[in-house]
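Listing of upload_13.txt, compact mmCIF, N, CA and C atoms
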```txt
# COMPACT_ATOMS: atom_id res chain seq x y z
N MET A 1 136.87 85.46 126.72
CA MET A 1 136.32 86.25 127.81
C MET A 1 134.85 86.52 127.58
N LYS A 2 134.49 86.73 126.32
CA LYS A 2 133.10 87.03 125.99
C LYS A 2 132.18 85.86 126.33
N LYS A 3 132.65 84.63 126.11
CA LYS A 3 131.80 83.47 126.39
C LYS A 3 131.56 83.32 127.90
N TYR A 4 132.52 83.72 128.72
CA TYR A 4 132.34 83.66 130.18
C TYR A 4 131.32 84.70 130.64
N LEU A 5 131.34 85.86 130.04
CA LEU A 5 130.38 86.90 130.37
C LEU A 5 128.96 86.45 130.00
N ILE A 6 128.82 85.85 128.82
CA ILE A 6 127.52 85.35 128.39
C ILE A 6 127.04 84.24 129.31
N ALA A 7 127.93 83.33 129.67
CA ALA A 7 127.55 82.24 130.59
C ALA A 7 127.14 82.79 131.95
N PHE A 8 127.86 83.81 132.43
CA PHE A 8 127.51 84.41 133.71
C PHE A 8 126.14 85.07 133.65
N LEU A 9 125.85 85.78 132.57
CA LEU A 9 124.56 86.44 132.42
C LEU A 9 123.42 85.42 132.34
N ILE A 10 123.63 84.34 131.62
CA ILE A 10 122.61 83.29 131.53
C ILE A 10 122.37 82.67 132.89
N ALA A 11 123.44 82.39 133.62
CA ALA A 11 123.29 81.81 134.96
C ALA A 11 122.59 82.78 135.90
N ALA A 12 122.89 84.06 135.81
CA ALA A 12 122.23 85.06 136.66
C ALA A 12 120.74 85.14 136.37
N VAL A 13 120.37 85.09 135.10
CA VAL A 13 118.96 85.11 134.73
C VAL A 13 118.26 83.84 135.24
N LEU A 14 118.89 82.69 135.07
CA LEU A 14 118.31 81.44 135.57
C LEU A 14 118.09 81.49 137.07
N LEU A 15 119.07 82.00 137.81
CA LEU A 15 118.93 82.08 139.27
C LEU A 15 117.84 83.06 139.68
N ALA A 16 117.70 84.16 138.96
CA ALA A 16 116.64 85.12 139.27
C ALA A 16 115.26 84.52 139.00
N VAL A 17 115.12 83.83 137.88
CA VAL A 17 113.85 83.18 137.56
C VAL A 17 113.55 82.09 138.59
N GLU A 18 114.55 81.33 138.97
CA GLU A 18 114.37 80.26 139.95
C GLU A 18 113.92 80.81 141.29
N ASP A 19 114.54 81.89 141.73
CA ASP A 19 114.16 82.49 143.00
C ASP A 19 112.72 82.99 142.95
N THR A 20 112.35 83.60 141.84
CA THR A 20 110.98 84.09 141.69
C THR A 20 109.97 82.95 141.70
N LEU A 21 110.27 81.88 140.97
CA LEU A 21 109.36 80.74 140.94
C LEU A 21 109.22 80.10 142.32
N ALA A 22 110.33 79.95 143.02
CA ALA A 22 110.30 79.30 144.32
C ALA A 22 109.60 80.15 145.37
N TYR A 23 109.71 81.46 145.26
CA TYR A 23 109.15 82.35 146.28
C TYR A 23 107.69 82.70 145.99
N LYS A 24 107.37 82.97 144.75
CA LYS A 24 106.04 83.47 144.41
C LYS A 24 105.00 82.37 144.25
N CYS A 25 105.38 81.22 143.74
CA CYS A 25 104.40 80.16 143.45
C CYS A 25 104.05 79.39 144.71
N ARG A 26 102.77 79.12 144.87
CA ARG A 26 102.30 78.41 146.05
C ARG A 26 102.81 76.96 146.06
N SER A 27 102.83 76.33 144.91
CA SER A 27 103.27 74.95 144.81
C SER A 27 104.80 74.88 144.74
N ALA A 28 105.37 74.01 145.53
CA ALA A 28 106.82 73.84 145.52
C ALA A 28 107.31 73.24 144.21
N LEU A 29 106.43 72.58 143.49
CA LEU A 29 106.83 71.95 142.24
C LEU A 29 107.21 72.96 141.17
N TRP A 30 106.57 74.13 141.12
CA TRP A 30 106.93 75.12 140.11
C TRP A 30 108.36 75.59 140.29
N GLY A 31 108.79 75.76 141.52
CA GLY A 31 110.17 76.16 141.76
C GLY A 31 111.16 75.07 141.44
N GLY A 32 110.70 73.83 141.43
CA GLY A 32 111.57 72.70 141.15
C GLY A 32 111.73 72.39 139.68
N VAL A 33 111.03 73.12 138.83
CA VAL A 33 111.09 72.84 137.40
C VAL A 33 112.49 73.11 136.85
N LEU A 34 113.05 74.28 137.13
CA LEU A 34 114.37 74.60 136.58
C LEU A 34 115.48 73.68 137.10
N PRO A 35 115.54 73.39 138.42
CA PRO A 35 116.57 72.45 138.86
C PRO A 35 116.42 71.07 138.22
N ALA A 36 115.18 70.60 138.06
CA ALA A 36 114.96 69.30 137.44
C ALA A 36 115.38 69.31 135.98
N LEU A 37 115.04 70.37 135.26
CA LEU A 37 115.44 70.46 133.86
C LEU A 37 116.96 70.59 133.71
N ALA A 38 117.58 71.35 134.59
CA ALA A 38 119.04 71.50 134.53
C ALA A 38 119.73 70.17 134.82
N LEU A 39 119.23 69.43 135.81
CA LEU A 39 119.83 68.13 136.12
C LEU A 39 119.63 67.15 134.97
N ALA A 40 118.41 67.10 134.43
CA ALA A 40 118.14 66.20 133.30
C ALA A 40 118.99 66.59 132.09
N GLY A 41 119.11 67.87 131.84
CA GLY A 41 119.93 68.33 130.72
C GLY A 41 121.40 68.01 130.91
N SER A 42 121.89 68.17 132.14
CA SER A 42 123.30 67.84 132.42
C SER A 42 123.57 66.36 132.20
N ILE A 43 122.66 65.53 132.70
CA ILE A 43 122.83 64.08 132.52
C ILE A 43 122.78 63.73 131.04
N ALA A 44 121.85 64.35 130.31
CA ALA A 44 121.73 64.05 128.88
C ALA A 44 122.97 64.47 128.10
N VAL A 45 123.52 65.63 128.42
CA VAL A 45 124.70 66.12 127.71
C VAL A 45 125.86 65.15 127.88
N PHE A 46 126.06 64.65 129.09
CA PHE A 46 127.17 63.72 129.31
C PHE A 46 126.86 62.32 128.80
N ALA A 47 125.60 61.88 128.95
CA ALA A 47 125.24 60.53 128.50
C ALA A 47 125.27 60.40 126.98
N LEU A 48 124.88 61.44 126.29
CA LEU A 48 124.85 61.39 124.83
C LEU A 48 126.19 61.74 124.20
N GLY A 49 127.18 62.05 125.03
CA GLY A 49 128.52 62.32 124.52
C GLY A 49 128.69 63.71 123.95
N GLY A 50 127.84 64.64 124.36
CA GLY A 50 127.95 66.02 123.88
C GLY A 50 129.26 66.67 124.29
N VAL A 51 129.67 66.38 125.50
CA VAL A 51 130.96 66.86 126.01
C VAL A 51 131.60 65.71 126.79
N PRO A 52 132.92 65.67 126.83
CA PRO A 52 133.57 64.61 127.60
C PRO A 52 133.37 64.82 129.10
N ALA A 53 133.30 63.74 129.83
CA ALA A 53 133.06 63.80 131.27
C ALA A 53 134.39 63.99 132.02
N THR A 54 135.02 65.12 131.80
CA THR A 54 136.25 65.47 132.50
C THR A 54 135.93 66.55 133.51
N PRO A 55 136.75 66.72 134.53
CA PRO A 55 136.46 67.74 135.55
C PRO A 55 136.30 69.14 134.96
N HIS A 56 137.01 69.42 133.87
CA HIS A 56 136.91 70.73 133.24
C HIS A 56 135.48 71.02 132.78
N PHE A 57 134.75 70.00 132.36
CA PHE A 57 133.38 70.17 131.90
C PHE A 57 132.35 69.84 132.98
N VAL A 58 132.65 68.91 133.85
CA VAL A 58 131.68 68.48 134.86
C VAL A 58 131.47 69.55 135.93
N LEU A 59 132.52 70.24 136.34
CA LEU A 59 132.40 71.21 137.43
C LEU A 59 131.43 72.36 137.14
N PRO A 60 131.44 72.96 135.95
CA PRO A 60 130.43 74.01 135.70
C PRO A 60 128.99 73.49 135.74
N PHE A 61 128.77 72.28 135.22
CA PHE A 61 127.44 71.69 135.28
C PHE A 61 127.03 71.42 136.73
N ALA A 62 127.95 70.91 137.52
CA ALA A 62 127.66 70.64 138.93
C ALA A 62 127.40 71.93 139.70
N ALA A 63 128.16 72.97 139.39
CA ALA A 63 127.97 74.26 140.07
C ALA A 63 126.60 74.85 139.72
N LEU A 64 126.20 74.78 138.47
CA LEU A 64 124.88 75.29 138.08
C LEU A 64 123.77 74.52 138.78
N ASN A 65 123.88 73.19 138.79
CA ASN A 65 122.85 72.38 139.46
C ASN A 65 122.79 72.68 140.95
N ALA A 66 123.94 72.82 141.58
CA ALA A 66 123.96 73.13 143.02
C ALA A 66 123.36 74.51 143.29
N ALA A 67 123.68 75.49 142.45
CA ALA A 67 123.15 76.84 142.64
C ALA A 67 121.64 76.87 142.46
N LEU A 68 121.12 76.14 141.48
CA LEU A 68 119.68 76.12 141.28
C LEU A 68 118.96 75.42 142.43
N LEU A 69 119.52 74.33 142.92
CA LEU A 69 118.91 73.65 144.07
C LEU A 69 118.95 74.53 145.31
N TRP A 70 120.05 75.25 145.49
CA TRP A 70 120.17 76.16 146.63
C TRP A 70 119.14 77.28 146.53
N ALA A 71 118.98 77.85 145.32
CA ALA A 71 118.01 78.93 145.12
C ALA A 71 116.59 78.43 145.38
N TRP A 72 116.30 77.21 144.98
CA TRP A 72 114.98 76.63 145.23
C TRP A 72 114.74 76.49 146.72
N SER A 73 115.72 75.97 147.42
CA SER A 73 115.61 75.79 148.86
C SER A 73 115.43 77.13 149.58
N CYS A 74 116.22 78.12 149.22
CA CYS A 74 116.11 79.44 149.85
C CYS A 74 114.77 80.11 149.55
N GLY A 75 114.31 79.98 148.33
CA GLY A 75 113.03 80.56 147.96
C GLY A 75 111.88 79.93 148.72
N ARG A 76 111.91 78.62 148.88
CA ARG A 76 110.85 77.94 149.64
C ARG A 76 110.91 78.33 151.11
N GLU A 77 112.10 78.51 151.64
CA GLU A 77 112.24 78.93 153.04
C GLU A 77 111.69 80.35 153.23
N LYS A 78 111.99 81.26 152.29
CA LYS A 78 111.44 82.61 152.37
C LYS A 78 109.92 82.58 152.30
N ARG A 79 109.38 81.74 151.44
CA ARG A 79 107.92 81.64 151.32
C ARG A 79 107.31 81.09 152.61
N ARG A 80 107.95 80.07 153.18
CA ARG A 80 107.44 79.49 154.42
C ARG A 80 107.43 80.54 155.53
N ARG A 81 108.49 81.33 155.62
CA ARG A 81 108.54 82.38 156.64
C ARG A 81 107.48 83.44 156.40
N ARG A 82 107.25 83.78 155.15
CA ARG A 82 106.23 84.77 154.83
C ARG A 82 104.83 84.27 155.19
N GLU A 83 104.56 82.99 154.91
CA GLU A 83 103.24 82.43 155.19
C GLU A 83 102.98 82.26 156.68
N THR A 84 104.01 81.92 157.43
CA THR A 84 103.83 81.74 158.87
C THR A 84 103.93 83.07 159.61
N GLY A 85 104.38 84.09 158.92
CA GLY A 85 104.43 85.43 159.51
C GLY A 85 105.53 85.63 160.52
N GLY A 86 106.51 84.80 160.49
CA GLY A 86 107.58 84.95 161.47
C GLY A 86 108.96 84.75 160.89
N GLY A 87 109.90 84.99 161.73
CA GLY A 87 111.29 84.79 161.34
C GLY A 87 111.76 83.42 161.79
N GLU A 88 112.91 83.42 162.39
CA GLU A 88 113.49 82.18 162.88
C GLU A 88 112.78 81.72 164.15
N PRO A 89 112.64 80.41 164.32
CA PRO A 89 112.02 79.92 165.55
C PRO A 89 112.90 80.21 166.77
N ALA A 90 112.27 80.43 167.89
CA ALA A 90 113.02 80.70 169.13
C ALA A 90 113.73 79.44 169.60
N ALA A 91 114.94 79.62 170.11
CA ALA A 91 115.74 78.47 170.55
C ALA A 91 115.45 78.14 171.99
```
For the structure just supplied, provide its representation as structure tokens.
Amino acid sequence: MKKYLIAFLIAAVLLAVEDTLAYKCRSALWGGVLPALALAGSIAVFALGGVPATPHFVLPFAALNAALLWAWSCGREKRRRRETGGGEPAA
């Protein structure tokens, strides 16, 4: 149970840092650093045989990568709205 709590805390910190980078930094590339590193790290862990490529191990890596990409996308959208000074476009 303790390892799940630690993993949750690490993921929460990563998501908070990702949101801050994506929202505060003018360049979209700074917000993309963590998702790129997480994806490269995930590929390396499986390619080098660090963990077996079974669904039990692949799903947490996929969930982390998806969450980081989602946070990057949301942060960039918030920044775009802040810079344009508006909310949603009129339909």
Note to self: Calculated over all atoms listed in the file, which of the candidates A:Ala47, A:Ile6, A:Leu39, A:Ala28 has the smallest distance to Leu64 in chain A?
What the structure shows: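 The closest residue to Leu64 in chain A is A:Leu39.
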Next item on the list: Please return as a PyMOL selection string: the residues of chain A that backbone DSSP assigns to alpha helix (DSSP H).
Entry: chain A and resi 2-24+28-31+33-47+55-84
Check: What is the distance, in Å and to one decimal place, between CA of Thr54 in chain A and atom C of Gly32 in chain A?
Finding: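 Interatomic distance, CA of Thr54 in chain A to atom C of Gly32 in chain A: 26.5 Å.
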Which polymer residues have any atom within 12 Å of an atom of range 9-11 of chain A, counting only C-alpha atoms, with same-chain residues fewer than 3 positions away left out, as a compact mmCIF listing (two decimals) with N, CA and C atoms, keeping the file's coordinate frame?
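Contents of out.txt, as written:
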```
# COMPACT_ATOMS: atom_id res chain seq x y z
N LYS A 2 134.49 86.73 126.32
CA LYS A 2 133.10 87.03 125.99
C LYS A 2 132.18 85.86 126.33
N LYS A 3 132.65 84.63 126.11
CA LYS A 3 131.80 83.47 126.39
C LYS A 3 131.56 83.32 127.90
N TYR A 4 132.52 83.72 128.72
CA TYR A 4 132.34 83.66 130.18
C TYR A 4 131.32 84.70 130.64
N LEU A 5 131.34 85.86 130.04
CA LEU A 5 130.38 86.90 130.37
C LEU A 5 128.96 86.45 130.00
N ILE A 6 128.82 85.85 128.82
CA ILE A 6 127.52 85.35 128.39
C ILE A 6 127.04 84.24 129.31
N LEU A 14 118.89 82.69 135.07
CA LEU A 14 118.31 81.44 135.57
C LEU A 14 118.09 81.49 137.07
N LEU A 15 119.07 82.00 137.81
CA LEU A 15 118.93 82.08 139.27
C LEU A 15 117.84 83.06 139.68
N ALA A 16 117.70 84.16 138.96
CA ALA A 16 116.64 85.12 139.27
C ALA A 16 115.26 84.52 139.00
N VAL A 17 115.12 83.83 137.88
CA VAL A 17 113.85 83.18 137.56
C VAL A 17 113.55 82.09 138.59
N GLU A 18 114.55 81.33 138.97
CA GLU A 18 114.37 80.26 139.95
C GLU A 18 113.92 80.81 141.29
N LEU A 34 113.05 74.28 137.13
CA LEU A 34 114.37 74.60 136.58
C LEU A 34 115.48 73.68 137.10
N ALA A 38 117.58 71.35 134.59
CA ALA A 38 119.04 71.50 134.53
C ALA A 38 119.73 70.17 134.82
N PRO A 60 131.44 72.96 135.95
CA PRO A 60 130.43 74.01 135.70
C PRO A 60 128.99 73.49 135.74
N PHE A 61 128.77 72.28 135.22
CA PHE A 61 127.44 71.69 135.28
C PHE A 61 127.03 71.42 136.73
N ALA A 63 128.16 72.97 139.39
CA ALA A 63 127.97 74.26 140.07
C ALA A 63 126.60 74.85 139.72
N LEU A 64 126.20 74.78 138.47
CA LEU A 64 124.88 75.29 138.08
C LEU A 64 123.77 74.52 138.78
N ASN A 65 123.88 73.19 138.79
CA ASN A 65 122.85 72.38 139.46
C ASN A 65 122.79 72.68 140.95
N ALA A 66 123.94 72.82 141.58
CA ALA A 66 123.96 73.13 143.02
C ALA A 66 123.36 74.51 143.29
N ALA A 67 123.68 75.49 142.45
CA ALA A 67 123.15 76.84 142.64
C ALA A 67 121.64 76.87 142.46
N LEU A 68 121.12 76.14 141.48
CA LEU A 68 119.68 76.12 141.28
C LEU A 68 118.96 75.42 142.43
N ALA A 71 118.98 77.85 145.32
CA ALA A 71 118.01 78.93 145.12
C ALA A 71 116.59 78.43 145.38
```
Notebook entry, point to check: CA of Ala53 in chain A and CA of Ala40 in chain A are how many Å apart?
Noted result: 15.2 Å
Around all the atoms of range 38-45 of chain A listed in the file, draw an axis-aligned box and extend it by 5 Å on each of the six sides; I want its centre and edge lengths in Å to one decimal, as AutoDock Vina command-line options.
```
--center_x 121.7 --center_y 67.6 --center_z 131.9 --size_x 18.3 --size_y 17.8 --size_z 18.4
```
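Of the listed residues A:Ser73, A:Arg80, A:Gly85, A:Ala7, the one whose atoms come nearest to Gly31 in chain A is A:Ser73, with distances taken using only N, CA and C atoms.
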Check: Between A:Thr84, A:Trp70, A:Ser42, A:Arg79, which has the minimum distance to Cys25 in chain A (counting only C-alpha atoms)?
Finding: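 Comparing A:Thr84, A:Trp70, A:Ser42, A:Arg79 against Cys25 in chain A, the winner is A:Arg79.
Computed from the coordinates, the CA of Gly41 in chain A to CA of Leu69 in chain A distance equals 14.4 Å.
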